[in-house]
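Student: This is coords-v3.tsv (TSV, C-alpha atoms).
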```tsv
chain	number	residue	atom	x	y	z
A	1085	GLN	CA	7.56	-9.02	-15.86
A	1086	LYS	CA	6.01	-7.35	-12.82
A	1087	GLU	CA	2.72	-5.56	-13.32
A	1088	VAL	CA	4.22	-2.31	-12.04
A	1089	GLU	CA	7.85	-1.26	-12.21
A	1090	GLN	CA	9.31	1.47	-10.03
A	1091	ASP	CA	12.92	2.41	-9.48
A	1092	PRO	CA	13.59	2.00	-5.74
A	1093	GLY	CA	16.30	4.66	-5.68
A	1094	PRO	CA	17.46	5.91	-3.27
A	1095	LEU	CA	17.07	9.43	-4.59
A	1096	SER	CA	18.79	12.29	-2.78
A	1097	VAL	CA	18.20	15.95	-3.69
A	1098	PRO	CA	18.86	19.38	-2.14
A	1099	GLU	CA	16.04	21.42	-0.67
A	1100	GLY	CA	14.21	23.40	-3.35
A	1101	ALA	CA	14.89	20.92	-6.15
A	1102	ILE	CA	12.24	19.56	-8.48
A	1103	VAL	CA	11.78	15.84	-7.95
A	1104	SER	CA	10.48	13.44	-10.57
A	1105	LEU	CA	9.26	9.99	-9.54
A	1106	ASN	CA	8.09	7.49	-12.14
A	1107	CYS	CA	6.39	4.15	-12.65
A	1108	THR	CA	5.75	2.04	-15.70
A	1109	TYR	CA	3.15	-0.65	-16.02
A	1110	SER	CA	2.22	-3.44	-18.39
A	1111	ASN	CA	-1.56	-3.88	-17.97
A	1112	SER	CA	-3.48	-1.60	-20.32
A	1113	ALA	CA	-6.64	-2.17	-18.25
A	1114	PHE	CA	-5.32	0.01	-15.43
A	1115	GLN	CA	-7.34	3.22	-15.22
A	1116	TYR	CA	-6.96	4.49	-11.65
A	1117	PHE	CA	-3.56	5.67	-10.54
A	1118	MET	CA	-2.44	6.67	-7.09
A	1119	TRP	CA	0.62	7.86	-5.28
A	1120	TYR	CA	1.13	7.01	-1.63
A	1121	ARG	CA	3.69	8.56	0.68
A	1122	GLN	CA	5.16	6.46	3.46
A	1123	TYR	CA	7.28	7.86	6.25
A	1124	SER	CA	9.68	5.54	8.01
A	1125	ARG	CA	7.94	2.96	10.21
A	1126	LYS	CA	4.49	4.32	9.30
A	1127	GLY	CA	1.66	3.17	7.09
A	1128	PRO	CA	1.29	4.65	3.58
A	1129	GLU	CA	-1.00	7.66	3.17
A	1130	LEU	CA	-2.72	8.68	-0.06
A	1131	LEU	CA	-1.02	11.64	-1.68
A	1132	MET	CA	-2.53	11.91	-5.15
A	1133	TYR	CA	-5.17	10.10	-7.16
A	1134	THR	CA	-5.88	10.40	-10.89
A	1135	TYR	CA	-8.24	8.72	-13.30
A	1136	SER	CA	-7.16	7.79	-16.84
A	1137	SER	CA	-4.75	10.10	-18.65
A	1138	GLY	CA	-3.87	13.67	-17.88
A	1139	ASN	CA	-2.46	15.84	-15.16
A	1140	LYS	CA	-3.58	16.67	-11.65
A	1141	GLU	CA	-2.06	19.33	-9.48
A	1142	ASP	CA	-2.26	19.74	-5.71
A	1143	GLY	CA	-0.03	22.41	-4.24
A	1144	ARG	CA	3.59	21.47	-4.88
A	1145	PHE	CA	2.63	18.05	-6.25
A	1146	THR	CA	1.67	17.18	-9.83
A	1147	ALA	CA	0.64	13.73	-11.00
A	1148	GLN	CA	0.80	12.83	-14.69
A	1149	VAL	CA	-0.56	9.79	-16.46
A	1150	ASP	CA	0.38	8.82	-20.01
A	1151	LYS	CA	-1.67	5.73	-20.83
A	1152	SER	CA	-0.31	5.46	-24.35
A	1153	SER	CA	3.16	4.94	-22.91
A	1154	LYS	CA	1.94	3.15	-19.77
A	1155	TYR	CA	3.89	5.65	-17.71
A	1156	ILE	CA	2.97	7.71	-14.66
A	1157	SER	CA	4.90	10.42	-12.87
A	1158	LEU	CA	4.81	12.42	-9.69
A	1159	PHE	CA	6.55	15.80	-9.62
A	1160	ILE	CA	7.41	17.61	-6.43
A	1161	ARG	CA	8.27	21.29	-6.79
A	1162	ASP	CA	10.29	23.24	-4.22
A	1163	SER	CA	11.05	20.04	-2.36
A	1164	GLN	CA	11.35	20.23	1.42
A	1165	PRO	CA	13.13	18.01	3.98
A	1166	SER	CA	9.65	17.02	5.19
A	1167	ASP	CA	9.11	15.38	1.77
A	1168	SER	CA	11.73	12.78	2.69
A	1169	ALA	CA	9.83	9.49	2.54
A	1170	THR	CA	9.20	6.47	0.35
A	1171	TYR	CA	6.78	7.11	-2.51
A	1172	LEU	CA	4.70	4.20	-3.76
A	1173	CYS	CA	2.76	4.20	-6.98
A	1174	ALA	CA	-0.38	2.05	-7.15
A	1175	MET	CA	-2.97	1.33	-9.77
A	1176	ARG	CA	-6.06	-0.71	-10.59
A	1177	GLY	CA	-8.48	-1.40	-13.39
A	1178	ARG	CA	-12.10	-0.35	-13.57
A	1179	GLY	CA	-14.32	-2.95	-11.98
A	1180	SER	CA	-11.38	-5.05	-10.87
A	1181	THR	CA	-11.53	-7.02	-7.68
A	1182	LEU	CA	-12.44	-4.55	-5.00
A	1183	GLY	CA	-9.41	-2.66	-3.88
A	1184	ARG	CA	-7.05	-4.98	-5.67
A	1185	LEU	CA	-4.28	-2.49	-6.09
A	1186	TYR	CA	-1.00	-3.23	-7.79
A	1187	PHE	CA	1.90	-1.46	-6.12
A	1188	GLY	CA	5.34	-0.46	-7.27
A	1189	ARG	CA	8.32	-1.21	-5.03
A	1190	GLY	CA	8.50	2.36	-3.81
A	1191	THR	CA	11.17	5.04	-4.33
A	1192	GLN	CA	13.04	6.26	-1.27
A	1193	LEU	CA	13.52	10.05	-1.40
A	1194	THR	CA	15.76	12.16	0.82
A	1195	VAL	CA	15.66	15.96	0.63
A	1196	TRP	CA	18.60	17.51	2.43
A	1197	PRO	CA	18.65	21.08	3.74
B	741	ASP	CA	-11.35	10.43	14.40
B	742	GLY	CA	-11.98	7.65	11.90
B	743	GLY	CA	-9.14	5.35	11.09
B	744	ILE	CA	-7.48	1.98	11.31
B	745	THR	CA	-5.81	0.71	14.47
B	746	GLN	CA	-3.23	-2.02	14.31
B	747	SER	CA	-1.75	-3.73	17.33
B	748	PRO	CA	0.75	-4.51	18.55
B	749	LYS	CA	3.13	-2.06	16.90
B	750	TYR	CA	6.10	-4.36	17.57
B	751	LEU	CA	5.98	-8.09	18.16
B	752	PHE	CA	8.67	-10.69	18.74
B	753	ARG	CA	8.04	-14.35	18.17
B	754	LYS	CA	9.98	-17.52	18.67
B	755	GLU	CA	10.16	-19.98	15.83
B	756	GLY	CA	7.26	-22.41	15.88
B	757	GLN	CA	4.81	-20.03	17.52
B	758	ASN	CA	1.64	-18.65	16.02
B	759	VAL	CA	0.95	-14.95	16.52
B	760	THR	CA	-2.12	-12.86	15.79
B	761	LEU	CA	-2.03	-9.27	14.59
B	762	SER	CA	-5.06	-7.13	15.32
B	763	CYS	CA	-6.71	-4.71	12.88
B	764	GLU	CA	-9.74	-2.61	13.77
B	765	GLN	CA	-11.39	0.11	11.66
B	766	ASN	CA	-14.13	2.62	12.46
B	767	LEU	CA	-14.50	3.93	8.91
B	768	ASN	CA	-17.55	1.75	8.18
B	769	HIS	CA	-15.65	0.26	5.25
B	770	ASP	CA	-16.81	-3.05	3.87
B	771	ALA	CA	-13.48	-4.26	2.52
B	772	MET	CA	-10.32	-4.96	4.48
B	773	TYR	CA	-6.86	-6.14	3.46
B	774	TRP	CA	-3.58	-7.40	4.81
B	775	TYR	CA	-0.32	-6.57	3.08
B	776	ARG	CA	3.22	-7.57	3.83
B	777	GLN	CA	6.08	-5.15	3.19
B	778	ASP	CA	9.69	-6.24	2.91
B	779	PRO	CA	12.62	-3.92	2.12
B	780	GLY	CA	12.86	-3.32	-1.61
B	781	GLN	CA	9.82	-5.44	-2.45
B	782	GLY	CA	6.91	-3.09	-2.07
B	783	LEU	CA	3.54	-4.28	-0.77
B	784	ARG	CA	2.33	-7.83	-1.31
B	785	LEU	CA	-1.27	-8.84	-0.71
B	786	ILE	CA	-1.81	-11.63	1.82
B	787	TYR	CA	-5.60	-11.80	2.26
B	788	TYR	CA	-8.57	-9.57	1.64
B	789	SER	CA	-12.22	-9.54	2.66
B	790	GLN	CA	-15.03	-7.75	0.88
B	791	ILE	CA	-17.75	-8.64	3.36
B	792	VAL	CA	-18.24	-10.16	6.78
B	793	ASN	CA	-17.70	-13.92	6.95
B	794	ASP	CA	-15.99	-14.01	3.57
B	795	PHE	CA	-12.34	-13.59	2.57
B	796	GLN	CA	-10.02	-14.49	-0.31
B	797	LYS	CA	-6.37	-15.38	-0.63
B	798	GLY	CA	-4.03	-12.81	-2.05
B	799	ASP	CA	-0.66	-13.43	-3.68
B	800	ILE	CA	1.20	-14.79	-0.63
B	801	ALA	CA	-1.43	-16.43	1.62
B	802	GLU	CA	0.59	-19.54	2.51
B	803	GLY	CA	1.37	-19.66	6.22
B	804	TYR	CA	-1.25	-17.07	7.13
B	805	SER	CA	-4.89	-17.22	8.19
B	806	VAL	CA	-7.60	-14.61	8.75
B	807	SER	CA	-11.14	-14.28	10.01
B	808	ARG	CA	-13.84	-11.67	9.43
B	809	GLU	CA	-16.52	-12.15	12.07
B	810	LYS	CA	-17.24	-8.44	12.42
B	811	LYS	CA	-17.21	-5.63	9.90
B	812	GLU	CA	-14.78	-3.64	12.03
B	813	SER	CA	-12.22	-6.36	12.63
B	814	PHE	CA	-9.88	-8.40	10.42
B	815	PRO	CA	-7.20	-10.18	12.47
B	816	LEU	CA	-4.26	-11.90	10.81
B	817	THR	CA	-2.61	-15.01	12.26
B	818	VAL	CA	0.95	-15.73	11.24
B	819	THR	CA	1.35	-19.45	11.69
B	820	SER	CA	4.43	-21.55	12.23
B	821	ALA	CA	4.06	-22.68	8.63
B	822	GLN	CA	5.18	-19.26	7.41
B	823	LYS	CA	8.86	-19.82	6.66
B	824	ASN	CA	10.03	-16.22	6.71
B	825	PRO	CA	7.59	-14.20	8.83
B	826	THR	CA	9.86	-11.30	9.82
B	827	ALA	CA	8.31	-8.30	8.06
B	828	PHE	CA	6.22	-5.16	8.37
B	829	TYR	CA	2.51	-5.97	8.17
B	830	LEU	CA	-0.03	-3.42	6.99
B	831	CYS	CA	-3.79	-3.55	7.33
B	832	ALA	CA	-5.99	-1.45	5.05
B	833	SER	CA	-9.64	-0.86	4.33
B	834	SER	CA	-11.75	0.63	1.55
B	835	SER	CA	-15.38	1.39	0.78
B	836	SER	CA	-17.50	-1.04	-1.20
B	837	ASP	CA	-18.19	1.04	-4.30
B	838	ARG	CA	-16.60	-1.23	-6.88
B	839	GLU	CA	-16.93	1.22	-9.75
B	840	SER	CA	-15.79	4.32	-7.96
B	841	GLY	CA	-12.35	5.52	-8.80
B	842	ALA	CA	-12.30	7.07	-5.39
B	843	ASN	CA	-12.15	3.62	-3.87
B	844	VAL	CA	-8.70	4.03	-2.45
B	845	LEU	CA	-7.11	2.22	0.46
B	846	THR	CA	-6.66	3.67	3.92
B	847	PHE	CA	-3.80	2.08	5.82
B	848	GLY	CA	-3.07	1.48	9.46
B	849	ALA	CA	0.29	2.34	11.04
B	850	GLY	CA	1.58	-1.21	10.68
B	851	SER	CA	2.87	-3.99	12.89
B	852	ARG	CA	6.51	-5.05	12.80
B	853	LEU	CA	7.00	-8.75	13.48
B	854	THR	CA	10.42	-10.16	14.28
B	855	VAL	CA	11.11	-13.85	14.62
B	856	LEU	CA	13.89	-14.62	17.07
```
Would you write the structure of this file as structure tokens?

Tutor:
Amino acid sequence: QKEVEQDPGPLSVPEGAIVSLNCTYSNSAFQYFMWYRQYSRKGPELLMYTYSSGNKEDGRFTAQVDKSSKYISLFIRDSQPSDSATYLCAMRGRGSTLGRLYFGRGTQLTVWP
Amino acid sequence: DGGITQSPKYLFRKEGQNVTLSCEQNLNHDAMYWYRQDPGQGLRLIYYSQIVNDFQKGDIAEGYSVSREKKESFPLTVTSAQKNPTAFYLCASSSSDRESGANVLTFGAGSRLTVL
């Protein structure tokens, strides 16, 4: 079993839709959770970062962490064509090897006008 | 602007040749990393370095080598021993605060290597 599981999609939605992206994980030691956005042929860029359980909101984006279920989500409200990208979840434990992030496979999202 | 510069952006190699990918950062980060990205497989860690003159193997180090002679630079050599080198290679860096949850990775734009 991989440390982090993420459905690769592809996911295609109309502009304005609410998008839900999810990851599950197996290691209960993970405490830091991140979402990266990667445009085609570019490097990933940090989109959201959360610590432990709970929600975090930033504009149209909301990240949720449910540690009891080992499940994290990223919601995109009022999705735009510019949101079309691959979204990677990543996570690590507290005090783990510096920067040793565990990544999901990435979900490819297309938002059509 | 602070960031990570990878070069070249595109590289073609004949079988049996070694190639070196450059990674330079001006973020004053202590730690640097190399990842490989293949379609549908996400990011896999090749090598990482937490400090100058020290580095550790990641999950797929076979066929690759690195050096860390300067804090700013972490070049990756793809050797002829790497059986399937065609991929997108990403360099990243992070600060050295081990306990900080804000210790996230900053990535370069990537280098795409194609073996002919």

Student: Using all atoms listed in the file, I'd like a table of the residues in chain A that come within 12 Å of chain B; for each, show the closest atom pair and its distance in Å rounded to one decimal, ordered by chain and ascending number, as CSV.

Tutor:
```
residue,atom,partner,partner_atom,distance
A:Lys1086,CA,B:Gln781,CA,11.2
A:Val1088,CA,B:Gly782,CA,10.4
A:Glu1089,CA,B:Gly782,CA,10.3
A:Gln1090,CA,B:Gly782,CA,9.5
A:Asp1091,CA,B:Gly780,CA,9.7
A:Pro1092,CA,B:Gly780,CA,6.8
A:Gly1093,CA,B:Gly780,CA,9.6
A:Pro1094,CA,B:Gly780,CA,10.4
A:Phe1114,CA,B:Gly841,CA,11.1
A:Gln1115,CA,B:Gly841,CA,8.5
A:Tyr1116,CA,B:Gly841,CA,6.2
A:Phe1117,CA,B:Gly841,CA,9.0
A:Met1118,CA,B:Val844,CA,8.2
A:Trp1119,CA,B:Val844,CA,10.5
A:Tyr1120,CA,B:Leu845,CA,9.8
A:Arg1121,CA,B:Phe847,CA,11.2
A:Gln1122,CA,B:Ala849,CA,9.9
A:Tyr1123,CA,B:Ala849,CA,10.1
A:Ser1124,CA,B:Ala849,CA,10.4
A:Arg1125,CA,B:Gly850,CA,7.6
A:Lys1126,CA,B:Ala849,CA,5.0
A:Gly1127,CA,B:Ala849,CA,4.3
A:Pro1128,CA,B:Phe847,CA,6.1
A:Glu1129,CA,B:Phe847,CA,6.8
A:Leu1130,CA,B:Thr846,CA,7.5
A:Leu1131,CA,B:Val844,CA,10.8
A:Met1132,CA,B:Val844,CA,10.4
A:Tyr1133,CA,B:Ala842,CA,7.9
A:Thr1134,CA,B:Gly841,CA,8.4
A:Tyr1135,CA,B:Gly841,CA,6.9
A:Ser1136,CA,B:Gly841,CA,9.8
A:Thr1170,CA,B:Gly782,CA,10.1
A:Tyr1171,CA,B:Gly782,CA,10.2
A:Leu1172,CA,B:Gly782,CA,7.8
A:Cys1173,CA,B:Gly782,CA,9.7
A:Ala1174,CA,B:Val844,CA,9.8
A:Met1175,CA,B:Val844,CA,9.7
A:Arg1176,CA,B:Gly841,CA,9.0
A:Gly1177,CA,B:Gly841,CA,9.2
A:Arg1178,CA,B:Glu839,CA,6.4
A:Gly1179,CA,B:Glu839,CA,5.4
A:Ser1180,CA,B:Arg838,CA,7.6
A:Thr1181,CA,B:Arg838,CA,7.7
A:Leu1182,CA,B:Arg838,CA,5.6
A:Gly1183,CA,B:Ser834,CA,6.8
A:Arg1184,CA,B:Leu785,CA,8.5
A:Leu1185,CA,B:Leu845,CA,8.5
A:Tyr1186,CA,B:Leu783,CA,8.4
A:Phe1187,CA,B:Leu783,CA,6.3
A:Gly1188,CA,B:Gly782,CA,6.0
A:Arg1189,CA,B:Gly782,CA,3.8
A:Gly1190,CA,B:Gly782,CA,5.9
A:Thr1191,CA,B:Gly780,CA,9.0
A:Gln1192,CA,B:Gly780,CA,9.6
```

Student: Print the selection's residues with C-alpha atoms to a file, as an mmCIF file, keeping the file's coordinate frame.

Tutor:
```
data_model
loop_
_atom_site.group_PDB
_atom_site.id
_atom_site.type_symbol
_atom_site.label_atom_id
_atom_site.label_comp_id
_atom_site.auth_asym_id
_atom_site.auth_seq_id
_atom_site.Cartn_x
_atom_site.Cartn_y
_atom_site.Cartn_z
ATOM 1 C CA LYS A 1086 6.010 -7.350 -12.820
ATOM 2 C CA VAL A 1088 4.220 -2.310 -12.040
ATOM 3 C CA GLU A 1089 7.850 -1.260 -12.210
ATOM 4 C CA GLN A 1090 9.310 1.470 -10.030
ATOM 5 C CA ASP A 1091 12.920 2.410 -9.480
ATOM 6 C CA PRO A 1092 13.590 2.000 -5.740
ATOM 7 C CA GLY A 1093 16.300 4.660 -5.680
ATOM 8 C CA PRO A 1094 17.460 5.910 -3.270
ATOM 9 C CA PHE A 1114 -5.320 0.010 -15.430
ATOM 10 C CA GLN A 1115 -7.340 3.220 -15.220
ATOM 11 C CA TYR A 1116 -6.960 4.490 -11.650
ATOM 12 C CA PHE A 1117 -3.560 5.670 -10.540
ATOM 13 C CA MET A 1118 -2.440 6.670 -7.090
ATOM 14 C CA TRP A 1119 0.620 7.860 -5.280
ATOM 15 C CA TYR A 1120 1.130 7.010 -1.630
ATOM 16 C CA ARG A 1121 3.690 8.560 0.680
ATOM 17 C CA GLN A 1122 5.160 6.460 3.460
ATOM 18 C CA TYR A 1123 7.280 7.860 6.250
ATOM 19 C CA SER A 1124 9.680 5.540 8.010
ATOM 20 C CA ARG A 1125 7.940 2.960 10.210
ATOM 21 C CA LYS A 1126 4.490 4.320 9.300
ATOM 22 C CA GLY A 1127 1.660 3.170 7.090
ATOM 23 C CA PRO A 1128 1.290 4.650 3.580
ATOM 24 C CA GLU A 1129 -1.000 7.660 3.170
ATOM 25 C CA LEU A 1130 -2.720 8.680 -0.060
ATOM 26 C CA LEU A 1131 -1.020 11.640 -1.680
ATOM 27 C CA MET A 1132 -2.530 11.910 -5.150
ATOM 28 C CA TYR A 1133 -5.170 10.100 -7.160
ATOM 29 C CA THR A 1134 -5.880 10.400 -10.890
ATOM 30 C CA TYR A 1135 -8.240 8.720 -13.300
ATOM 31 C CA SER A 1136 -7.160 7.790 -16.840
ATOM 32 C CA THR A 1170 9.200 6.470 0.350
ATOM 33 C CA TYR A 1171 6.780 7.110 -2.510
ATOM 34 C CA LEU A 1172 4.700 4.200 -3.760
ATOM 35 C CA CYS A 1173 2.760 4.200 -6.980
ATOM 36 C CA ALA A 1174 -0.380 2.050 -7.150
ATOM 37 C CA MET A 1175 -2.970 1.330 -9.770
ATOM 38 C CA ARG A 1176 -6.060 -0.710 -10.590
ATOM 39 C CA GLY A 1177 -8.480 -1.400 -13.390
ATOM 40 C CA ARG A 1178 -12.100 -0.350 -13.570
ATOM 41 C CA GLY A 1179 -14.320 -2.950 -11.980
ATOM 42 C CA SER A 1180 -11.380 -5.050 -10.870
ATOM 43 C CA THR A 1181 -11.530 -7.020 -7.680
ATOM 44 C CA LEU A 1182 -12.440 -4.550 -5.000
ATOM 45 C CA GLY A 1183 -9.410 -2.660 -3.880
ATOM 46 C CA ARG A 1184 -7.050 -4.980 -5.670
ATOM 47 C CA LEU A 1185 -4.280 -2.490 -6.090
ATOM 48 C CA TYR A 1186 -1.000 -3.230 -7.790
ATOM 49 C CA PHE A 1187 1.900 -1.460 -6.120
ATOM 50 C CA GLY A 1188 5.340 -0.460 -7.270
ATOM 51 C CA ARG A 1189 8.320 -1.210 -5.030
ATOM 52 C CA GLY A 1190 8.500 2.360 -3.810
ATOM 53 C CA THR A 1191 11.170 5.040 -4.330
ATOM 54 C CA GLN A 1192 13.040 6.260 -1.270
#
```

Student: May I ask for the distance between atom CA of B:Pro748 and atom CA of B:Lys810, given in Å to one decimal place?

Tutor: 19.4 Å

Student: Quick one: residues within 8 Å of B:Leu761, only C-alpha atoms, excluding same-chain residues fewer than 5 positions away - as a ChimeraX atom specification?

Tutor: /B:746-748,815-818,851

Student: Restricting it to C-alpha atoms, dump the selection as an mmCIF file, keeping the file's coordinate frame.

Tutor:
```
data_model
loop_
_atom_site.group_PDB
_atom_site.id
_atom_site.type_symbol
_atom_site.label_atom_id
_atom_site.label_comp_id
_atom_site.auth_asym_id
_atom_site.auth_seq_id
_atom_site.Cartn_x
_atom_site.Cartn_y
_atom_site.Cartn_z
ATOM 1 C CA GLN B 746 -3.230 -2.020 14.310
ATOM 2 C CA SER B 747 -1.750 -3.730 17.330
ATOM 3 C CA PRO B 748 0.750 -4.510 18.550
ATOM 4 C CA PRO B 815 -7.200 -10.180 12.470
ATOM 5 C CA LEU B 816 -4.260 -11.900 10.810
ATOM 6 C CA THR B 817 -2.610 -15.010 12.260
ATOM 7 C CA VAL B 818 0.950 -15.730 11.240
ATOM 8 C CA SER B 851 2.870 -3.990 12.890
#
```

Student: Which distance in Å separates atom CA of B:Arg776 and atom CA of B:Gln757, to one decimal?

Tutor: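 Distance reported for this atom pair: 18.6 Å.
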
Student: Pick from A:Leu1105, A:Ala1169, A:Val1195, A:Ala1113: nearest to A:Phe1145, with all atoms listed in the file counted?

Tutor: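 Of A:Leu1105, A:Ala1169, A:Val1195, A:Ala1113, the one nearest A:Phe1145, counting all atoms listed in the file, is A:Leu1105.
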
Student: Can you work out the spacing between atom CA of A:Glu1099 and atom CA of A:Glu1141 in Å, to one decimal?

Tutor: 20.2 Å

Student: Which residues come within 10 Å of B:Lys823, counting all atoms listed in the file, excluding same-chain residues fewer than 6 positions away, as a ChimeraX atom specification?

Tutor: /B:755-756,802-803

Student: Could you pull the residues within 12 Å of A:Ser1152, counting all atoms listed in the file, minus those fewer than 3 positions along the same chain, as an NGL selection string?

Tutor: :A and (1108-1115 or 1136-1138 or 1149 or 1155-1156)

Student: Keeping only C-alpha atoms, write the selected residues to a file as a PDB file, in the coordinates of the input.

Tutor:
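And here's result.pdb as it stands now:
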```pdb
ATOM      1  CA  THR A1108       5.750   2.040 -15.700  1.00  0.00           C
ATOM      2  CA  TYR A1109       3.150  -0.650 -16.020  1.00  0.00           C
ATOM      3  CA  SER A1110       2.220  -3.440 -18.390  1.00  0.00           C
ATOM      4  CA  ASN A1111      -1.560  -3.880 -17.970  1.00  0.00           C
ATOM      5  CA  SER A1112      -3.480  -1.600 -20.320  1.00  0.00           C
ATOM      6  CA  ALA A1113      -6.640  -2.170 -18.250  1.00  0.00           C
ATOM      7  CA  PHE A1114      -5.320   0.010 -15.430  1.00  0.00           C
ATOM      8  CA  GLN A1115      -7.340   3.220 -15.220  1.00  0.00           C
ATOM      9  CA  SER A1136      -7.160   7.790 -16.840  1.00  0.00           C
ATOM     10  CA  SER A1137      -4.750  10.100 -18.650  1.00  0.00           C
ATOM     11  CA  GLY A1138      -3.870  13.670 -17.880  1.00  0.00           C
ATOM     12  CA  VAL A1149      -0.560   9.790 -16.460  1.00  0.00           C
ATOM     13  CA  TYR A1155       3.890   5.650 -17.710  1.00  0.00           C
ATOM     14  CA  ILE A1156       2.970   7.710 -14.660  1.00  0.00           C
TER      15      ILE A1156
END
```

Student: Return as JSON the box centre and box size in Å, one decimal, for an axis-aligned box around all listed atoms of stretch 1137-1144 of chain A padded by 3 Å per side.

Tutor:
```
{"center_x": -0.6, "center_y": 16.3, "center_z": -11.4, "size_x": 14.3, "size_y": 18.3, "size_z": 20.4}
```

Student: Determine, counting all atoms listed in the file, which protein, DNA and RNA residues have an atom within 6 Å of an atom of stretch 762-768 of chain B; residues of the same chain fewer than 5 positions away are not included. Present the result as a compact mmCIF listing (two decimals) with C-alpha atoms, in the coordinates of the input.

Tutor:
```txt
# COMPACT_ATOMS: atom_id res chain seq x y z
CA GLY B 742 -11.98 7.65 11.90
CA GLY B 743 -9.14 5.35 11.09
CA ILE B 744 -7.48 1.98 11.31
CA THR B 745 -5.81 0.71 14.47
CA GLN B 746 -3.23 -2.02 14.31
CA SER B 747 -1.75 -3.73 17.33
CA GLU B 812 -14.78 -3.64 12.03
CA SER B 813 -12.22 -6.36 12.63
CA PHE B 814 -9.88 -8.40 10.42
CA PRO B 815 -7.20 -10.18 12.47
```
